[in-house]
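Listing of start.csv; format and content: CSV, C-alpha atoms and all ligand atoms.
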```csv
chain,number,residue,atom,x,y,z
A,1,MET,CA,62.7,-99.3,-121.9
A,2,ASN,CA,65.4,-98.3,-119.4
A,3,ILE,CA,66.9,-101.1,-117.3
A,4,ILE,CA,69.4,-100.6,-114.5
A,5,VAL,CA,71.5,-103.8,-114.1
A,6,THR,CA,73.5,-103.7,-110.8
A,7,GLY,CA,76.6,-105.9,-110.6
A,8,GLY,CA,76.9,-105.9,-114.4
A,9,ALA,CA,80.7,-105.9,-114.3
A,10,GLY,CA,80.7,-109.3,-112.6
A,11,PHE,CA,80.2,-112.8,-114.0
A,12,ILE,CA,76.5,-113.3,-114.6
A,13,GLY,CA,75.7,-109.5,-114.7
A,14,SER,CA,78.0,-108.9,-117.6
A,15,ASN,CA,76.7,-111.9,-119.5
A,16,PHE,CA,73.2,-110.5,-118.9
A,17,VAL,CA,74.2,-107.0,-120.2
A,18,PHE,CA,75.5,-108.7,-123.4
A,19,HIS,CA,72.4,-110.7,-123.7
A,20,MET,CA,70.0,-107.8,-123.3
A,21,LEU,CA,71.8,-105.4,-125.7
A,22,LYS,CA,71.7,-108.2,-128.3
A,23,ALA,CA,68.1,-109.4,-127.6
A,24,HIS,CA,66.6,-106.0,-127.2
A,25,PRO,CA,68.5,-103.5,-129.4
A,26,ASP,CA,66.0,-100.8,-128.6
A,27,TYR,CA,66.5,-101.0,-124.8
A,28,ARG,CA,68.9,-98.7,-122.8
A,29,ILE,CA,71.0,-100.7,-120.3
A,30,ILE,CA,72.6,-98.9,-117.4
A,31,CYS,CA,75.1,-100.8,-115.4
A,32,LEU,CA,75.7,-99.8,-111.8
A,33,ASP,CA,78.7,-101.5,-110.2
A,34,LYS,CA,81.1,-100.8,-107.4
A,35,LEU,CA,83.9,-102.6,-109.1
A,36,THR,CA,84.9,-104.7,-106.1
A,37,TYR,CA,87.6,-107.3,-106.6
A,38,ALA,CA,85.0,-109.3,-108.6
A,39,GLY,CA,84.0,-106.5,-110.9
A,40,ASN,CA,86.1,-106.0,-114.0
A,41,LEU,CA,85.7,-103.1,-116.3
A,42,SER,CA,87.6,-104.8,-119.1
A,43,THR,CA,84.8,-107.3,-119.2
A,44,LEU,CA,82.5,-104.6,-120.4
A,45,GLU,CA,85.0,-103.2,-122.9
A,46,PRO,CA,83.0,-104.6,-126.0
A,47,VAL,CA,79.9,-102.6,-125.1
A,48,MET,CA,81.4,-99.4,-123.6
A,49,ASP,CA,80.9,-97.5,-126.9
A,50,ASN,CA,77.4,-98.8,-127.5
A,51,PRO,CA,75.1,-95.7,-127.4
A,52,ASN,CA,72.4,-97.8,-125.6
A,53,PHE,CA,74.8,-98.7,-122.7
A,54,ARG,CA,76.0,-96.6,-119.8
A,55,PHE,CA,78.4,-97.6,-117.0
A,56,VAL,CA,78.2,-96.0,-113.6
A,57,LYS,CA,80.7,-96.8,-110.8
A,58,ALA,CA,78.7,-96.7,-107.5
A,59,ASP,CA,77.9,-98.8,-104.4
A,60,ILE,CA,74.3,-100.1,-104.1
A,61,CYS,CA,74.6,-99.2,-100.4
A,62,ASP,CA,75.2,-95.5,-101.3
A,63,LYS,CA,71.7,-94.1,-101.1
A,64,GLU,CA,72.7,-90.7,-102.6
A,65,ALA,CA,74.4,-92.2,-105.6
A,66,VAL,CA,71.5,-94.7,-106.2
A,67,ASP,CA,68.9,-91.9,-105.9
A,68,LYS,CA,70.9,-89.7,-108.3
A,69,LEU,CA,71.0,-92.5,-110.9
A,70,PHE,CA,67.3,-93.1,-110.6
A,71,GLU,CA,66.6,-89.4,-111.0
A,72,GLU,CA,68.7,-89.3,-114.1
A,73,GLU,CA,67.6,-92.5,-115.8
A,74,LYS,CA,64.1,-93.0,-114.6
A,75,PRO,CA,64.4,-96.8,-114.9
A,76,ASP,CA,61.5,-99.0,-115.9
A,77,ILE,CA,63.2,-102.2,-114.5
A,78,VAL,CA,66.0,-102.9,-112.0
A,79,VAL,CA,67.7,-106.2,-112.1
A,80,ASN,CA,69.9,-106.7,-109.0
A,81,PHE,CA,72.9,-108.9,-109.5
A,82,ALA,CA,75.2,-106.9,-107.2
A,83,ALA,CA,76.4,-109.0,-104.4
A,84,GLU,CA,79.3,-110.5,-102.5
A,85,SER,CA,79.0,-114.0,-104.1
A,86,HIS,CA,81.7,-116.3,-102.8
A,87,VAL,CA,80.8,-118.7,-99.9
A,88,ASP,CA,84.5,-119.1,-98.8
A,89,ARG,CA,84.9,-115.4,-98.4
A,90,SER,CA,81.7,-115.1,-96.4
A,91,ILE,CA,83.1,-117.7,-94.0
A,92,GLU,CA,86.2,-115.5,-93.5
A,93,ASN,CA,84.4,-112.1,-93.3
A,94,PRO,CA,80.6,-112.2,-93.1
A,95,GLN,CA,80.1,-108.4,-92.5
A,96,ILE,CA,80.5,-107.1,-96.1
A,97,PHE,CA,78.0,-109.8,-97.2
A,98,LEU,CA,75.3,-108.4,-94.9
A,99,GLU,CA,76.1,-104.9,-96.0
A,100,THR,CA,76.0,-105.4,-99.8
A,101,ASN,CA,73.5,-108.3,-100.0
A,102,ILE,CA,70.9,-107.1,-97.5
A,103,ILE,CA,71.4,-103.3,-96.9
A,104,GLY,CA,72.2,-102.7,-100.6
A,105,THR,CA,69.0,-104.5,-101.7
A,106,SER,CA,67.0,-102.3,-99.3
A,107,VAL,CA,68.6,-99.1,-100.7
A,108,LEU,CA,67.7,-100.2,-104.3
A,109,MET,CA,64.2,-101.0,-103.3
A,110,ASP,CA,63.7,-97.8,-101.4
A,111,ALA,CA,64.8,-95.9,-104.6
A,112,CYS,CA,62.3,-98.0,-106.6
A,113,ARG,CA,59.5,-97.0,-104.2
A,114,LYS,CA,60.6,-93.3,-104.3
A,115,TYR,CA,60.9,-93.0,-108.1
A,116,GLY,CA,58.4,-95.7,-109.2
A,117,ILE,CA,59.2,-98.8,-111.2
A,118,LYS,CA,57.6,-101.4,-113.3
A,119,ARG,CA,59.6,-104.3,-112.0
A,120,TYR,CA,62.4,-104.9,-109.4
A,121,HIS,CA,64.0,-108.3,-110.0
A,122,GLN,CA,66.2,-109.9,-107.4
A,123,VAL,CA,68.7,-112.4,-108.6
A,124,SER,CA,68.9,-115.0,-105.8
A,125,THR,CA,70.3,-118.5,-105.4
A,126,ASP,CA,69.4,-122.1,-104.7
A,127,GLU,CA,71.7,-121.9,-101.7
A,128,VAL,CA,68.8,-120.3,-99.7
A,129,TYR,CA,67.2,-123.7,-99.5
A,130,GLY,CA,70.2,-125.2,-97.7
A,131,ASP,CA,71.2,-128.7,-99.0
A,132,LEU,CA,69.8,-132.1,-99.8
A,133,PRO,CA,71.2,-135.5,-98.8
A,134,LEU,CA,73.2,-137.5,-101.3
A,135,ASP,CA,71.2,-140.6,-100.6
A,136,ARG,CA,67.8,-139.1,-101.7
A,137,PRO,CA,68.2,-138.4,-105.4
A,138,ASP,CA,64.4,-138.1,-105.5
A,139,LEU,CA,64.4,-134.8,-103.6
A,140,PHE,CA,64.6,-131.4,-105.3
A,141,PHE,CA,64.2,-127.7,-104.3
A,142,THR,CA,60.9,-126.3,-105.3
A,143,GLU,CA,59.7,-122.7,-104.7
A,144,GLU,CA,57.9,-124.1,-101.6
A,145,THR,CA,61.0,-125.6,-100.0
A,146,PRO,CA,61.6,-123.8,-96.7
A,147,ILE,CA,64.5,-121.4,-96.5
A,148,HIS,CA,67.2,-123.2,-94.5
A,149,THR,CA,70.7,-121.6,-95.0
A,150,SER,CA,74.1,-122.9,-94.1
A,151,SER,CA,76.7,-120.1,-94.8
A,152,PRO,CA,76.9,-116.4,-94.1
A,153,TYR,CA,76.6,-115.9,-97.9
A,154,SER,CA,73.4,-117.9,-98.3
A,155,SER,CA,71.9,-116.4,-95.1
A,156,SER,CA,72.5,-112.9,-96.5
A,157,LYS,CA,70.9,-113.8,-99.8
A,158,ALA,CA,67.9,-115.4,-97.9
A,159,GLY,CA,67.6,-112.2,-95.8
A,160,ALA,CA,67.5,-110.1,-99.0
A,161,ASP,CA,64.9,-112.5,-100.5
A,162,LEU,CA,62.6,-112.1,-97.5
A,163,LEU,CA,63.0,-108.3,-97.6
A,164,VAL,CA,62.1,-108.3,-101.3
A,165,LEU,CA,58.9,-110.3,-100.6
A,166,ALA,CA,58.1,-108.0,-97.7
A,167,TYR,CA,58.5,-104.9,-99.8
A,168,HIS,CA,55.9,-106.5,-102.2
A,169,ARG,CA,53.5,-107.3,-99.5
A,170,THR,CA,53.9,-104.1,-97.4
A,171,TYR,CA,54.4,-101.5,-100.1
A,172,GLY,CA,53.0,-103.2,-103.1
A,173,LEU,CA,56.4,-103.0,-104.9
A,174,PRO,CA,56.2,-105.0,-108.2
A,175,VAL,CA,59.0,-107.5,-107.5
A,176,SER,CA,60.1,-110.9,-108.8
A,177,LEU,CA,62.8,-113.3,-107.7
A,178,SER,CA,64.8,-116.0,-109.4
A,179,ARG,CA,66.7,-118.7,-107.5
A,180,CYS,CA,69.3,-120.3,-109.8
A,181,SER,CA,71.7,-123.2,-109.4
A,182,ASN,CA,75.4,-122.9,-110.0
A,183,ASN,CA,76.3,-121.0,-113.2
A,184,TYR,CA,79.4,-121.6,-115.4
A,185,GLY,CA,80.7,-120.0,-118.6
A,186,PRO,CA,82.8,-117.0,-119.7
A,187,TYR,CA,83.9,-114.2,-117.3
A,188,HIS,CA,83.5,-116.5,-114.2
A,189,PHE,CA,85.9,-115.2,-111.5
A,190,PRO,CA,88.7,-117.7,-110.9
A,191,GLU,CA,88.0,-118.1,-107.2
A,192,LYS,CA,85.1,-120.4,-108.1
A,193,LEU,CA,85.4,-124.1,-108.7
A,194,ILE,CA,85.4,-124.4,-112.6
A,195,PRO,CA,87.6,-121.4,-113.6
A,196,LEU,CA,89.9,-122.0,-110.6
A,197,MET,CA,90.5,-125.6,-111.7
A,198,ILE,CA,90.9,-124.7,-115.4
A,199,ILE,CA,93.5,-122.0,-114.7
A,200,ARG,CA,95.5,-124.0,-112.1
A,201,ALA,CA,95.5,-127.1,-114.4
A,202,LEU,CA,96.8,-125.0,-117.2
A,203,HIS,CA,99.7,-124.0,-115.0
A,204,ASP,CA,100.2,-127.6,-113.8
A,205,GLU,CA,99.4,-126.5,-110.2
A,206,SER,CA,97.6,-128.7,-107.6
A,207,LEU,CA,93.8,-128.7,-107.7
A,208,PRO,CA,92.4,-128.3,-104.2
A,209,VAL,CA,89.3,-130.5,-103.9
A,210,TYR,CA,87.4,-129.9,-100.7
A,211,GLY,CA,86.6,-132.9,-98.4
A,212,ASP,CA,85.8,-136.1,-100.3
A,213,GLY,CA,85.0,-134.3,-103.6
A,214,MET,CA,81.5,-135.9,-103.6
A,215,ASN,CA,79.5,-132.7,-103.0
A,216,VAL,CA,77.0,-132.2,-105.8
A,217,ARG,CA,76.1,-129.0,-107.6
A,218,ASP,CA,73.5,-128.5,-110.3
A,219,TRP,CA,75.3,-126.6,-113.2
A,220,LEU,CA,73.6,-124.2,-115.7
A,221,TYR,CA,75.3,-122.5,-118.6
A,222,VAL,CA,75.3,-118.7,-117.8
A,223,GLU,CA,73.5,-117.8,-121.0
A,224,ASP,CA,70.5,-120.0,-120.1
A,225,HIS,CA,70.3,-118.2,-116.7
A,226,CYS,CA,70.3,-114.8,-118.5
A,227,LYS,CA,67.5,-115.9,-120.8
A,228,ALA,CA,65.4,-117.1,-117.8
A,229,ILE,CA,65.8,-113.6,-116.2
A,230,ASP,CA,64.9,-111.9,-119.4
A,231,LEU,CA,61.7,-114.0,-119.6
A,232,ILE,CA,60.8,-113.4,-115.9
A,233,ILE,CA,61.1,-109.6,-116.0
A,234,HIS,CA,58.9,-109.5,-119.1
A,235,GLU,CA,56.4,-112.3,-118.5
A,236,GLY,CA,56.8,-113.5,-114.9
A,237,LYS,CA,54.2,-112.7,-112.4
A,238,VAL,CA,54.7,-109.9,-109.8
A,239,GLY,CA,55.4,-111.2,-106.3
A,240,GLU,CA,56.5,-114.7,-107.5
A,241,VAL,CA,59.7,-116.7,-107.0
A,242,TYR,CA,61.0,-118.8,-109.9
A,243,ASN,CA,63.6,-121.6,-109.5
A,244,VAL,CA,66.0,-121.8,-112.4
A,245,GLY,CA,68.1,-125.0,-113.1
A,246,GLY,CA,68.7,-127.6,-115.7
A,247,HIS,CA,68.7,-130.9,-113.9
A,248,ASN,CA,72.4,-131.2,-114.4
A,249,GLU,CA,73.9,-132.6,-111.1
A,250,MET,CA,77.6,-133.4,-111.0
A,251,ALA,CA,79.9,-134.3,-108.1
A,252,ASN,CA,82.8,-131.8,-107.8
A,253,ILE,CA,85.4,-134.5,-108.4
A,254,ASP,CA,83.8,-135.5,-111.7
A,255,ILE,CA,84.0,-131.9,-112.9
A,256,VAL,CA,87.6,-131.7,-111.9
A,257,ARG,CA,88.4,-135.0,-113.7
A,258,LEU,CA,86.6,-133.8,-116.8
A,259,ILE,CA,88.6,-130.5,-116.9
A,260,LEU,CA,91.8,-132.5,-116.6
A,261,LYS,CA,90.8,-134.8,-119.4
A,262,GLU,CA,89.9,-131.9,-121.7
A,263,LEU,CA,93.2,-130.2,-121.0
A,264,ASN,CA,95.2,-133.4,-121.3
A,265,LYS,CA,96.6,-133.0,-117.7
A,266,PRO,CA,97.3,-135.8,-115.2
A,267,GLU,CA,94.9,-136.7,-112.3
A,268,SER,CA,97.9,-136.6,-110.0
A,269,LEU,CA,97.3,-132.8,-109.9
A,270,ILE,CA,94.2,-133.5,-107.7
A,271,THR,CA,94.8,-132.7,-104.0
A,272,TYR,CA,92.2,-133.4,-101.4
A,273,VAL,CA,92.2,-130.5,-98.9
A,274,THR,CA,90.3,-129.7,-95.7
A,275,ASP,CA,86.6,-129.4,-96.3
A,276,ARG,CA,84.7,-126.0,-96.4
A,277,LYS,CA,83.1,-125.3,-93.0
A,278,GLY,CA,79.3,-126.1,-93.1
A,279,HIS,CA,79.8,-127.4,-96.7
A,280,ASP,CA,76.4,-128.0,-98.4
A,281,ARG,CA,76.2,-131.6,-99.7
A,282,ARG,CA,73.9,-131.4,-102.7
A,283,TYR,CA,71.9,-128.8,-104.5
A,284,ALA,CA,69.2,-129.7,-107.0
A,285,ILE,CA,66.6,-127.4,-108.5
A,286,ASP,CA,63.1,-128.4,-109.7
A,287,PRO,CA,62.5,-126.0,-112.6
A,288,THR,CA,58.9,-127.2,-113.3
A,289,LYS,CA,57.3,-123.8,-112.5
A,290,ILE,CA,59.4,-121.7,-114.9
A,291,HIS,CA,59.0,-124.4,-117.6
A,292,ASN,CA,55.2,-124.7,-117.2
A,293,ASP,CA,54.4,-121.0,-116.6
A,294,LEU,CA,57.0,-119.3,-118.9
A,295,GLY,CA,58.1,-122.1,-121.3
A,296,TRP,CA,61.8,-121.8,-120.3
A,297,LEU,CA,64.1,-124.7,-120.9
A,298,PRO,CA,67.9,-124.7,-120.8
A,299,GLU,CA,69.5,-124.9,-124.2
A,300,THR,CA,73.1,-125.7,-123.5
A,301,LYS,CA,74.0,-129.3,-122.5
A,302,PHE,CA,76.8,-129.5,-119.9
A,303,ALA,CA,79.0,-131.6,-122.2
A,304,ASP,CA,79.0,-128.8,-124.7
A,305,GLY,CA,79.0,-125.9,-122.2
A,306,ILE,CA,82.0,-127.1,-120.4
A,307,VAL,CA,84.0,-127.6,-123.6
A,308,LYS,CA,83.0,-124.1,-124.7
A,309,THR,CA,83.9,-122.7,-121.3
A,310,ILE,CA,87.4,-124.3,-121.3
A,311,LYS,CA,88.0,-123.0,-124.8
A,312,TRP,CA,87.0,-119.6,-123.7
A,313,TYR,CA,89.6,-119.6,-120.9
A,314,LEU,CA,92.2,-120.9,-123.3
A,315,ASP,CA,91.4,-118.1,-125.8
A,316,ASN,CA,91.0,-115.3,-123.2
A,317,GLU,CA,94.2,-115.4,-121.1
A,318,ALA,CA,94.3,-111.6,-121.6
A,319,TRP,CA,91.2,-111.4,-119.4
A,320,TRP,CA,92.2,-113.7,-116.5
A,321,GLN,CA,96.0,-113.1,-116.5
A,322,PRO,CA,95.8,-109.6,-114.9
A,323,ILE,CA,93.3,-111.0,-112.4
A,324,ILE,CA,95.5,-113.8,-111.1
A,325,SER,CA,98.6,-111.6,-110.7
A,326,GLY,CA,98.7,-109.2,-107.8
A,327,GLU,CA,96.2,-109.4,-105.0
A,328,TYR,CA,94.8,-112.7,-106.2
A,329,GLN,CA,98.0,-114.5,-105.2
A,330,ASN,CA,97.6,-113.3,-101.6
A,331,TYR,CA,94.0,-114.5,-101.6
A,332,TYR,CA,95.0,-118.0,-102.7
A,333,GLU,CA,97.7,-118.2,-100.0
A,334,LYS,CA,95.3,-117.0,-97.3
A,335,MET,CA,92.5,-119.3,-98.3
A,336,TYR,CA,94.4,-122.4,-99.2
A,337,GLY,CA,97.8,-122.0,-97.5
A,338,ASP,CA,96.9,-124.1,-94.4
A,339,LYS,CA,94.3,-126.4,-95.9
B,401,LIG,P1,80.3,-111.8,-109.0
B,401,LIG,O1,80.9,-111.9,-107.7
B,401,LIG,O2,81.0,-112.4,-110.2
B,401,LIG,O3,79.9,-110.3,-109.4
B,401,LIG,C1,79.3,-109.5,-108.5
B,401,LIG,C2,79.3,-108.1,-109.0
B,401,LIG,O4,78.7,-107.2,-108.1
B,401,LIG,C3,80.7,-107.5,-109.3
B,401,LIG,O5,80.8,-106.8,-110.5
B,401,LIG,C4,80.9,-106.5,-108.1
B,401,LIG,O6,81.8,-105.5,-108.4
B,401,LIG,C5,79.5,-106.0,-107.9
B,401,LIG,N1,79.3,-105.5,-106.5
B,401,LIG,C6,79.6,-106.1,-105.4
B,401,LIG,N2,79.3,-105.4,-104.3
B,401,LIG,C7,78.7,-104.3,-104.9
B,401,LIG,C8,78.1,-103.1,-104.3
B,401,LIG,N3,78.1,-102.9,-103.0
B,401,LIG,N4,77.6,-102.2,-105.1
B,401,LIG,C9,77.6,-102.3,-106.5
B,401,LIG,N5,78.2,-103.4,-107.1
B,401,LIG,C10,78.7,-104.4,-106.3
B,401,LIG,O7,78.9,-112.6,-108.8
B,401,LIG,P2,78.1,-113.5,-109.9
B,401,LIG,O8,78.6,-114.9,-109.7
B,401,LIG,O9,78.0,-112.9,-111.2
B,401,LIG,O10,76.6,-113.5,-109.1
B,401,LIG,C11,75.7,-112.4,-109.5
B,401,LIG,C12,74.4,-112.6,-108.7
B,401,LIG,O11,73.9,-113.9,-109.0
B,401,LIG,C13,74.7,-112.6,-107.2
B,401,LIG,O12,73.6,-112.0,-106.6
B,401,LIG,C14,74.7,-114.1,-106.8
B,401,LIG,O13,74.2,-114.3,-105.4
B,401,LIG,C15,73.7,-114.7,-107.8
B,401,LIG,N6,73.9,-116.1,-108.1
B,401,LIG,C16,75.1,-116.5,-108.6
B,401,LIG,C17,75.3,-117.9,-109.0
B,401,LIG,C18,76.6,-118.4,-109.5
B,401,LIG,O14,76.7,-119.6,-109.7
B,401,LIG,N7,77.6,-117.5,-109.7
B,401,LIG,C19,74.2,-118.7,-108.9
B,401,LIG,C20,72.9,-118.2,-108.4
B,401,LIG,C21,72.8,-116.9,-108.1
B,402,LIG,O1,88.8,-124.7,-104.5
B,402,LIG,C1,87.7,-125.2,-104.4
B,402,LIG,N1,87.5,-126.5,-104.2
B,402,LIG,C2,86.3,-127.2,-104.1
B,402,LIG,O2,86.2,-128.4,-103.9
B,402,LIG,C3,86.5,-124.4,-104.6
B,402,LIG,C4,86.6,-122.9,-104.8
B,402,LIG,C5,85.3,-125.0,-104.5
B,402,LIG,N2,85.2,-126.4,-104.2
B,402,LIG,C6,83.8,-127.0,-104.1
B,402,LIG,C7,82.9,-126.3,-103.1
B,402,LIG,C8,81.5,-126.5,-103.8
B,402,LIG,O3,81.0,-127.8,-103.4
B,402,LIG,O4,83.2,-126.9,-105.4
B,402,LIG,C9,81.8,-126.6,-105.3
B,402,LIG,C10,81.5,-125.3,-106.0
B,402,LIG,O5,82.1,-124.2,-105.2
B,402,LIG,P1,82.0,-122.7,-105.7
B,402,LIG,O6,82.4,-122.6,-107.1
B,402,LIG,O7,82.7,-121.9,-104.6
B,402,LIG,O8,80.4,-122.5,-105.7
B,402,LIG,P2,79.3,-122.7,-104.6
B,402,LIG,O9,79.8,-122.6,-103.2
B,402,LIG,O10,78.5,-123.9,-105.0
B,402,LIG,O11,78.4,-121.4,-104.8
B,402,LIG,C11,78.1,-120.9,-106.2
B,402,LIG,O12,76.8,-121.3,-106.6
B,402,LIG,C12,75.7,-120.7,-106.0
B,402,LIG,C13,78.3,-119.4,-106.3
B,402,LIG,O13,79.6,-119.0,-105.9
B,402,LIG,C14,77.2,-118.7,-105.5
B,402,LIG,O14,77.3,-117.3,-105.7
B,402,LIG,C15,75.8,-119.2,-106.0
B,402,LIG,O15,74.8,-118.6,-105.2
```

This structure in structure tokens:
Amino acid sequence: MNIIVTGGAGFIGSNFVFHMLKAHPDYRIICLDKLTYAGNLSTLEPVMDNPNFRFVKADICDKEAVDKLFEEEKPDIVVNFAAESHVDRSIENPQIFLETNIIGTSVLMDACRKYGIKRYHQVSTDEVYGDLPLDRPDLFFTEETPIHTSSPYSSSKAGADLLVLAYHRTYGLPVSLSRCSNNYGPYHFPEKLIPLMIIRALHDESLPVYGDGMNVRDWLYVEDHCKAIDLIIHEGKVGEVYNVGGHNEMANIDIVRLILKELNKPESLITYVTDRKGHDRRYAIDPTKIHNDLGWLPETKFADGIVKTIKWYLDNEAWWQPIISGEYQNYYEKMYGDK
């Protein structure tokens, strides 16, 4: 089985590459990644010499490069993780989100049509459903919840989702989609809440909590997400959407407090800053369908996963130190300087 994994040098994609090489030692995994600021070749270092792994630096929007790779590898399955993924960046500069997340998806699916494929899997997000109110804990996102986006990021992901379903209906492309809640774990880029707070706390720097800190996210350990995708591409039905989440809702401020406690740092580091524009209040996935149809259940409890994650950042400074020096400093100044 030949599988092209796009965006495999990023957070979830790299964890998926590791998972697949381990779970299916007879598969060939080809990672296609543009290596944007979020892609890191050092992450893939441990598998670079694996004869079942190949890395190709290319842009999913580059039709020629994508076609060439399909011609060479004749993939059975394509799993598309490649995306611009940070909501705050999408508020600053929406254009690149439309290019990569929508146009890039169409280029990949056109190659799938041209060369034939057993399955095209689109890695999507719970953010396409918009948000839920804090005072209705009985409400959850199901696969039938209407698309109702808030940010340029989530709108670009929703646009891609609609296109994927349209390629299925119009051209009969064998697609599947997963919409997952917030992931956390190793190799998470330190612009996102959990790694940003861990690394800043380690440096005794202020921890910028948006608004009142009461926004709720539904956290899933990254390995559980990778296992869900592995199941869907093998056993999920063509043309279907699967929500992925572990019923693990937490307010941002509680996560930040937990990180401080684990690191033995004072809560005085917490700084409330100007809220994110259009900030979604609460995300909460109903994972009944993937549980009933495919038997998936999350395996890592948040209490264990967050401790493992903090330990990973403590043990892997060599991974994140080069990232936070250089351009990252300018990013932090630009995004948080006047908050
Ligand atoms: P990430 O930002 O860490 O990684 C994205 C990767 O895609 C990087 O390696 C980057 O170099 C690559 N990439 C970007 N533009 C590209 C292009 N034009 N061509 C080729 N490669 C390109 O993102 P992530 O957090 O790992 O998210 C992966 C996918 O999962 C995304 O589609 C995201 O929408 C989705 N998702 C993420 C989460 C989450 O909590 N992080 C939750 C649900 C869904
Ligand atoms: O400095 C911060 N302070 C803060 O309070 C940052 C970076 C975030 N936050 C808040 C905003 C959110 O309520 O923390 C929450 C989580 O923020 P992010 O880590 O930026 O994630 P989110 O916006 O929820 O989106 C993530 O989950 C869904 C991923 O980045 C998306 O790619 C995925 O689709």

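Between atom O4 of ligand LIG 402 (chain B) and atom CA of Phe16 of chain A the interatomic distance comes to 23.5 Å.
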
For chain A versus ligand LIG 401 (chain B), which residues have an atom no more than 7 Å away, and what is each residue's nearest atom pair and distance in Å rounded to one decimal, using all atoms listed in the file, chain-then-number order, as CSV?
```
residue,atom,partner,partner_atom,distance
A:Thr6,CA,B:LIG401,N5,6.0
A:Gly7,CA,B:LIG401,O4,3.5
A:Gly8,CA,B:LIG401,O5,5.6
A:Ala9,CA,B:LIG401,O5,3.9
A:Gly10,CA,B:LIG401,O5,3.3
A:Phe11,CA,B:LIG401,O9,3.6
A:Ile12,CA,B:LIG401,O9,3.7
A:Gly13,CA,B:LIG401,O9,5.4
A:Leu32,CA,B:LIG401,C9,6.2
A:Asp33,CA,B:LIG401,N5,3.7
A:Lys34,CA,B:LIG401,N5,3.9
A:Leu35,CA,B:LIG401,O6,3.6
A:Thr36,CA,B:LIG401,O6,3.9
A:Tyr37,CA,B:LIG401,O6,6.3
A:Ala38,CA,B:LIG401,C3,4.7
A:Gly39,CA,B:LIG401,O5,3.2
A:Asn40,CA,B:LIG401,O5,6.4
A:Ala58,CA,B:LIG401,C9,5.8
A:Asp59,CA,B:LIG401,N4,3.5
A:Ile60,CA,B:LIG401,N4,4.0
A:Cys61,CA,B:LIG401,N3,5.7
A:Asn80,CA,B:LIG401,O12,6.9
A:Phe81,CA,B:LIG401,C12,4.1
A:Ala82,CA,B:LIG401,O4,3.6
A:Ala83,CA,B:LIG401,C6,4.4
A:Glu84,CA,B:LIG401,C6,5.3
A:Ser85,CA,B:LIG401,O1,4.6
A:His86,CA,B:LIG401,O1,6.6
A:Thr100,CA,B:LIG401,N3,4.6
A:Gly104,CA,B:LIG401,N3,6.4
A:Val123,CA,B:LIG401,O12,5.3
A:Ser124,CA,B:LIG401,C21,4.9
A:Thr125,CA,B:LIG401,C20,4.0
A:Asp126,CA,B:LIG401,C20,6.4
A:Lys157,CA,B:LIG401,O13,6.5
A:Arg179,CA,B:LIG401,C20,6.3
A:Cys180,CA,B:LIG401,C20,4.4
A:Ser181,CA,B:LIG401,C19,5.2
A:Asn182,CA,B:LIG401,O14,3.6
A:Asn183,CA,B:LIG401,O14,3.8
A:Tyr184,CA,B:LIG401,O14,6.6
A:His188,CA,B:LIG401,O2,6.2
A:Phe189,CA,B:LIG401,O2,5.8
```

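Using only C-alpha atoms and all ligand atoms, the nearest neighbour of ligand LIG 402 (chain B) within the list A:Ile91, A:Leu41, A:Ile117, A:Leu21 is A:Ile91.
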
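Put simply, atom CA of Arg276 of chain A is 12.5 Å away from atom CA of Asp338 of chain A.
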
Exercise. Near Pro195 of chain A, within 9 Å and counting only C-alpha atoms, which residues show up once chain neighbours fewer than 2 positions away are dropped, as a ChimeraX atom specification?
Worked result: /A:184-193,197-200,309-310,313

For this session: Excluding Ile4 of chain A and residues on its chain fewer than 6 positions from it, collect all residues at most 12 Å away from it, counting all atoms listed in the file, and give them as a PyMOL selection string.
Result: chain A and resi 13+16-17+20+27-33+52-56+60+66+69-70+72-82+108+111-112+117-121

Exercise. Of the residues A:Arg282, A:Gln329, A:Ala160, A:Glu299, which is the one nearest to Arg136 of chain A, using only C-alpha atoms?
Worked result: A:Arg282
